[in-house]
>>> print(open('entry.cif').read())   # mmCIF, C-alpha atoms
data_run
#
loop_
_atom_site.group_PDB
_atom_site.id
_atom_site.type_symbol
_atom_site.label_atom_id
_atom_site.label_comp_id
_atom_site.auth_asym_id
_atom_site.auth_seq_id
_atom_site.Cartn_x
_atom_site.Cartn_y
_atom_site.Cartn_z
ATOM 1 C CA MET S 18 0.000 0.000 0.000
ATOM 2 C CA SER S 19 1.444 3.376 -0.899
ATOM 3 C CA GLU S 20 2.366 5.825 1.834
ATOM 4 C CA PHE S 21 -0.112 8.399 0.476
ATOM 5 C CA ILE S 22 -3.054 6.026 0.848
ATOM 6 C CA VAL S 23 -2.036 5.097 4.392
ATOM 7 C CA VAL S 24 -1.725 8.748 5.447
ATOM 8 C CA PHE S 25 -5.007 9.627 3.723
ATOM 9 C CA ILE S 26 -6.882 6.832 5.509
ATOM 10 C CA GLN S 27 -5.358 7.815 8.852
ATOM 11 C CA LEU S 28 -6.312 11.466 8.327
ATOM 12 C CA PHE S 29 -9.830 10.606 7.170
ATOM 13 C CA VAL S 30 -10.457 8.271 10.103
ATOM 14 C CA THR S 31 -9.038 10.769 12.607
ATOM 15 C CA VAL S 32 -11.174 13.625 11.283
ATOM 16 C CA LEU S 33 -14.277 11.427 11.221
ATOM 17 C CA TRP S 34 -13.529 10.292 14.786
ATOM 18 C CA LEU S 35 -13.323 13.933 15.930
ATOM 19 C CA VAL S 36 -16.534 14.850 14.112
ATOM 20 C CA VAL S 37 -18.388 11.939 15.762
ATOM 21 C CA VAL S 38 -17.122 13.000 19.206
ATOM 22 C CA GLY S 39 -18.209 16.561 18.395
ATOM 23 C CA ARG S 40 -21.669 15.341 17.450
ATOM 24 C CA VAL S 41 -22.011 13.425 20.704
ATOM 25 C CA LEU S 42 -20.944 16.456 22.753
ATOM 26 C CA ILE S 43 -23.212 18.859 20.838
ATOM 27 C CA GLY S 44 -26.078 16.379 21.174
ATOM 28 C CA TRP S 45 -25.909 16.650 24.955
ATOM 29 C CA VAL S 46 -26.423 20.417 24.953
ATOM 30 C CA ASN S 47 -28.351 20.829 21.679
ATOM 31 C CA PRO S 48 -30.331 17.630 20.985
ATOM 32 C CA THR S 49 -32.294 19.241 18.119
ATOM 33 C CA TYR S 50 -29.053 20.135 16.285
ATOM 34 C CA GLN S 51 -30.094 23.729 15.644
ATOM 35 C CA GLY S 52 -27.319 26.000 14.383
ATOM 36 C CA THR S 53 -24.665 25.847 11.722
ATOM 37 C CA VAL S 54 -22.050 23.782 13.546
ATOM 38 C CA ALA S 55 -24.605 21.359 14.969
ATOM 39 C CA ARG S 56 -26.210 20.830 11.535
ATOM 40 C CA PHE S 57 -22.790 20.255 9.972
ATOM 41 C CA LEU S 58 -21.895 17.645 12.599
ATOM 42 C CA PHE S 59 -25.272 15.931 12.226
ATOM 43 C CA GLU S 60 -25.262 15.870 8.426
ATOM 44 C CA THR S 61 -21.643 14.708 8.258
ATOM 45 C CA THR S 62 -22.025 11.798 10.647
ATOM 46 C CA GLU S 63 -25.566 10.606 9.938
ATOM 47 C CA PRO S 64 -24.629 8.616 6.790
ATOM 48 C CA PHE S 65 -22.187 6.615 8.935
ATOM 49 C CA LEU S 66 -24.430 6.231 11.993
ATOM 50 C CA ALA S 67 -27.778 5.396 10.338
ATOM 51 C CA PRO S 68 -26.703 1.964 8.995
ATOM 52 C CA ILE S 69 -25.253 1.035 12.395
ATOM 53 C CA ARG S 70 -28.461 2.121 14.107
ATOM 54 C CA ARG S 71 -30.480 -0.263 11.916
ATOM 55 C CA PHE S 72 -28.545 -3.267 13.253
ATOM 56 C CA LEU S 73 -28.491 -2.295 16.932
ATOM 57 C CA PRO S 74 -31.414 -3.255 19.149
ATOM 58 C CA SER S 75 -33.410 -0.365 20.569
ATOM 59 C CA SER S 76 -32.131 0.619 23.995
ATOM 60 C CA GLY S 77 -34.499 3.409 24.948
ATOM 61 C CA MET S 78 -33.024 6.872 25.212
ATOM 62 C CA VAL S 79 -29.382 5.871 24.614
ATOM 63 C CA ASP S 80 -27.986 5.840 21.075
ATOM 64 C CA TRP S 81 -25.064 3.415 20.991
ATOM 65 C CA SER S 82 -24.261 3.897 17.296
ATOM 66 C CA PRO S 83 -21.593 6.606 17.882
ATOM 67 C CA LEU S 84 -19.753 4.310 20.286
ATOM 68 C CA VAL S 85 -19.873 1.430 17.805
ATOM 69 C CA LEU S 86 -18.579 3.715 15.027
ATOM 70 C CA LEU S 87 -15.741 4.999 17.224
ATOM 71 C CA VAL S 88 -14.684 1.436 18.049
ATOM 72 C CA VAL S 89 -14.775 0.456 14.366
ATOM 73 C CA LEU S 90 -12.735 3.544 13.447
ATOM 74 C CA GLY S 91 -10.216 2.674 16.169
ATOM 75 C CA PHE S 92 -9.832 -0.838 14.746
ATOM 76 C CA LEU S 93 -9.468 0.600 11.262
ATOM 77 C CA VAL S 94 -6.634 2.889 12.365
ATOM 78 C CA GLN S 95 -4.866 -0.009 14.057
ATOM 79 C CA LEU S 96 -5.319 -2.148 10.946
ATOM 80 C CA VAL S 97 -3.782 0.533 8.742
ATOM 81 C CA LEU S 98 -0.953 1.282 11.182
ATOM 82 C CA PHE S 99 0.105 -2.337 11.541
ATOM 83 C CA ARG S 100 -0.351 -3.435 7.919
#
>>> encode(input="entry.cif", output="structure tokens")
Amino acid sequence: MSEFIVVFIQLFVTVLWLVVVGRVLIGWVNPTYQGTVARFLFETTEPFLAPIRRFLPSSGMVDWSPLVLLVVLGFLVQLVLFR
């Protein structure tokens, strides 16, 4: 695998990880995602979280899909680092 692809994947996964964490934090204080930053975080992460949400059982008020995505992203980074 070329060095460019490895660095690109690492950067993409890191940025996505930060955006997901940002969405979780914004969701605690602004659960309706009103505002420019909140909408950006919601619209950026929803295509990644919606498919995960379909496979997870309903657990009431807690949305576990961000945690699952963060774990998957962590594994992906480790996979790319130790290729």
>>> residues_around(input="entry.cif", residues="Val54 in chain S", least_positions_apart="2", cutoff="12 Å", atoms="all atoms listed in the file", output="list in words")
Val36, Gly39, Arg40, Leu42, Ile43, Gly44, Asn47, Tyr50, Gln51, Gly52, Arg56, Phe57, Leu58, Phe59, Glu60 and Thr61 of chain S
>>> closest_residue(input="entry.cif", among="S:Val23, S:Val37, S:Thr31, S:Pro48", to="Met78 in chain S", atoms="all atoms listed in the file")
S:Pro48
>>> atom_distance(input="entry.cif", atom1="CA of Val79 in chain S", atom2="CA of Gln95 in chain S")
27.3 Å
>>> closest_residue(input="entry.cif", among="S:Phe65, S:Phe21, S:Trp81, S:Phe72", to="Val41 in chain S", atoms="all atoms listed in the file")
S:Trp81
>>> atom_distance(input="entry.cif", atom1="CA of Ile69 in chain S", atom2="CA of Ser82 in chain S")
5.8 Å
>>> resolve_selection(input="entry.cif", expression="the PyMOL selection byres ((chain S and resi 87) around 10)", output="list in words")
Val30, Thr31, Leu33, Trp34, Leu35, Val37, Val38, Ser82, Pro83, Leu84, Val85, Leu86, Val88, Val89, Leu90, Gly91, Phe92 and Leu93 of chain S
>>> atom_distance(input="entry.cif", atom1="CA of Val24 in chain S", atom2="CA of Pro68 in chain S")
26.1 Å
>>> closest_residue(input="entry.cif", among="S:Ser19, S:Asp80, S:Leu28, S:Thr53", to="Leu66 in chain S", atoms="all atoms listed in the file")
S:Asp80
>>> axis_aligned_box(input="entry.cif", around="range 63-73 of chain S", padding_each_side="8 Å", output="lines of an AutoDock Vina configuration file")
center_x = -26.3
center_y = 3.7
center_z = 11.9
size_x = 24.3
size_y = 29.9
size_z = 26.1
